[in-house]
Amino acid sequence: MLNPDLVGRTFTSADSVTVTEEAIQKFAEVIGENNFEVAPPTFAVSITLEKSQTLLQDSGLDWTRVVHGDQRFEIKRPIVAGDILHCSSTIESARNVAGNEIVLVRSDLNSGSELIVSTWSTLVVRA
Amino acid sequence: MQLKKGQELAPKTFTINRKLLIAYANASGDQNPIHQNEAFAKSVGLPDVIAHGMLTMALAGKYLSDISGSQNVIEFSAKFIKPVVVPADTDVSLVISGKVTDVVSGTAKIELLAMCNEVKVLGMAKGVIKL
């Protein structure tokens, strides 16, 4: 079960991720994108998925039972090669519907004090 | 591209197969076996291997990028309402189409429809692009 005391608390990764041209190109090529100058719109998840799982590992969230319900991005500026990004993750809300836990996780990617991308993932933890 | 409110945008077909799922897993870091291993997928009650919801969304994102360029996509959201089932040795067609629902202060809102085998796989899919 999710620890309710953690709802609303933000966890920030101590280590950063340096975005490489190779990482952008690899992601872009999967979807048939030829422009490698900027990252595709959903590239942020290739960083936030793993980071948020690590940041929220003590939350009691059972990641093995998680189904992705929905996803939202707000992109302040596109991610580019050379960006050094820190991830901050927050469980914004958690509610129980018919035995399933529905958890809204926000993860922000920042470069220094500049917010680059905010992502929101609704996760359904199956009973 | 000149966009007008109410304008319908031409559909595009994307091909999803097992090879693409592995490529996406490697590019995104999402190595969940339900997207690669048939026996595992079936053991957790799925009909077969399913595509990453985020792969379907990434392809819908490509549809938006084709309109505005990736650098001009500023908001994007979708619900994962039906899994995209990807049997072995099969190309599954994902058809994305769009409609301009609003054009305001240098931005356009695009509502997206994502269909696989006549089934809607993304719900409430929409993006905002800078014009």
# chains A, B, ... in the order shown; residues from 1 in each chain; ligands from 1

call {"tool": "interface_residues", "arguments": {"of": "chain A", "to": "chain B", "cutoff": "7 Å", "atoms": "only C-alpha atoms", "output": "list in words"}}
result
Lys26, Phe27, Val30, Ile31, Glu33, Val38, Pro40, Pro41, Thr42, Ser46, Gly69, Asp70, Gln71, Arg72, Phe73, Glu74, Ile75, Lys76 and Pro78 of chain A

call {"tool": "residues_around", "arguments": {"residues": "A:Thr48", "least_positions_apart": "3", "cutoff": "8 Å", "atoms": "only C-alpha atoms", "output": "MDAnalysis selection string"}}
result
chainID A and resid 44:45 51:52 87 107:109

call {"tool": "select_by_dssp", "arguments": {"residues": "chain B", "states": "strand (DSSP E)", "output": "JSON, numbers by chain"}}
result
{"B": [8, 9, 10, 11, 12, 13, 14, 15, 16, 73, 74, 75, 76, 77, 78, 79, 80, 92, 93, 94, 95, 96, 97, 98, 99, 100, 101, 102, 103, 104, 107, 108, 109, 110, 111, 112, 113, 114, 115, 116, 119, 120, 122, 123, 124, 125, 126, 127, 128, 129, 130]}

call {"tool": "select_by_dssp", "arguments": {"residues": "stretch 2-81 of chain A", "states": "alpha helix (DSSP H)", "output": "PyMOL selection string"}}
result
chain A and resi 21-30+45-55

call {"tool": "residues_around", "arguments": {"residues": "stretch 19-25 of chain A", "least_positions_apart": "6", "cutoff": "6 Å", "atoms": "only C-alpha atoms", "output": "number ranges by chain"}}
result
A: 36, 39, 81-83

call {"tool": "atom_distance", "arguments": {"atom1": "atom CA of A:Glu101", "atom2": "atom CA of A:Leu2"}}
result
8.3 Å

call {"tool": "closest_residue", "arguments": {"among": "B:Gln31, B:Thr90, B:Thr107, B:Thr13", "to": "A:Gly32", "atoms": "only C-alpha atoms"}}
result
B:Thr13

call {"tool": "residues_around", "arguments": {"residues": "B:Arg18", "least_positions_apart": "3", "cutoff": "10 Å", "atoms": "only C-alpha atoms", "output": "ChimeraX atom specification"}}
result
/B:21-24,35-37,49-51,86-92

call {"tool": "write_last_selection", "arguments": {"atoms": "C-alpha atoms", "output": "mmCIF file, in the first residue's frame"}}
result
data_model
loop_
_atom_site.group_PDB
_atom_site.id
_atom_site.type_symbol
_atom_site.label_atom_id
_atom_site.label_comp_id
_atom_site.auth_asym_id
_atom_site.auth_seq_id
_atom_site.Cartn_x
_atom_site.Cartn_y
_atom_site.Cartn_z
ATOM 1 C CA LEU B 21 8.704 -2.753 -29.452
ATOM 2 C CA ILE B 22 12.265 -3.914 -28.771
ATOM 3 C CA ALA B 23 13.671 -0.756 -30.363
ATOM 4 C CA TYR B 24 11.352 1.388 -28.223
ATOM 5 C CA HIS B 35 6.036 -5.654 -24.241
ATOM 6 C CA GLN B 36 8.478 -8.371 -25.415
ATOM 7 C CA ASN B 37 7.747 -11.765 -23.923
ATOM 8 C CA VAL B 49 2.444 -9.012 -26.175
ATOM 9 C CA ILE B 50 1.148 -5.431 -26.065
ATOM 10 C CA ALA B 51 2.804 -2.215 -27.229
ATOM 11 C CA VAL B 86 1.158 -7.111 -31.246
ATOM 12 C CA PRO B 87 1.262 -10.805 -32.276
ATOM 13 C CA ALA B 88 4.535 -12.362 -33.475
ATOM 14 C CA ASP B 89 5.509 -11.769 -37.132
ATOM 15 C CA THR B 90 2.655 -9.302 -37.584
ATOM 16 C CA ASP B 91 2.602 -5.660 -38.630
ATOM 17 C CA VAL B 92 -0.103 -3.796 -36.739
#

call {"tool": "closest_residue", "arguments": {"among": "A:Ser88, A:Asn34, A:Ala28, A:Asp62", "to": "A:Asp15", "atoms": "only C-alpha atoms"}}
result
A:Ser88

call {"tool": "residues_around", "arguments": {"residues": "A:Gly99", "least_positions_apart": "6", "cutoff": "10 Å", "atoms": "only C-alpha atoms", "output": "NGL selection string"}}
result
:A and (125-127)

call {"tool": "residues_around", "arguments": {"residues": "A:Leu85", "least_positions_apart": "6", "cutoff": "9 Å", "atoms": "only C-alpha atoms", "output": "list in words"}}
result
Asp15, Ser16, Val17, Thr18, Val19, Ile47, Leu109, Asn110, Ser111, Gly112 and Ile116 of chain A

call {"tool": "atom_distance", "arguments": {"atom1": "atom CA of A:His68", "atom2": "atom CA of A:Asp5"}}
result
22.7 Å

call {"tool": "decode", "arguments": {"residues": "stretch 14-34 of chain A", "atoms": "C-alpha atoms", "output": "CSV table (one decimal), in the first residue's frame"}}
result
chain,number,residue,atom,x,y,z
A,14,ALA,CA,20.8,14.0,-6.4
A,15,ASP,CA,22.4,12.9,-9.7
A,16,SER,CA,21.8,14.5,-13.1
A,17,VAL,CA,21.2,13.0,-16.5
A,18,THR,CA,23.2,14.5,-19.4
A,19,VAL,CA,21.2,14.2,-22.6
A,20,THR,CA,23.3,12.9,-25.5
A,21,GLU,CA,22.8,13.3,-29.2
A,22,GLU,CA,22.8,9.5,-29.4
A,23,ALA,CA,19.9,9.1,-26.9
A,24,ILE,CA,17.8,11.6,-28.9
A,25,GLN,CA,18.6,10.0,-32.2
A,26,LYS,CA,17.9,6.5,-30.9
A,27,PHE,CA,14.5,7.6,-29.6
A,28,ALA,CA,13.7,9.7,-32.7
A,29,GLU,CA,14.5,6.8,-35.1
A,30,VAL,CA,12.0,4.5,-33.4
A,31,ILE,CA,9.2,6.8,-34.4
A,32,GLY,CA,10.6,7.7,-37.8
A,33,GLU,CA,11.7,11.2,-36.8
A,34,ASN,CA,14.6,12.6,-38.8
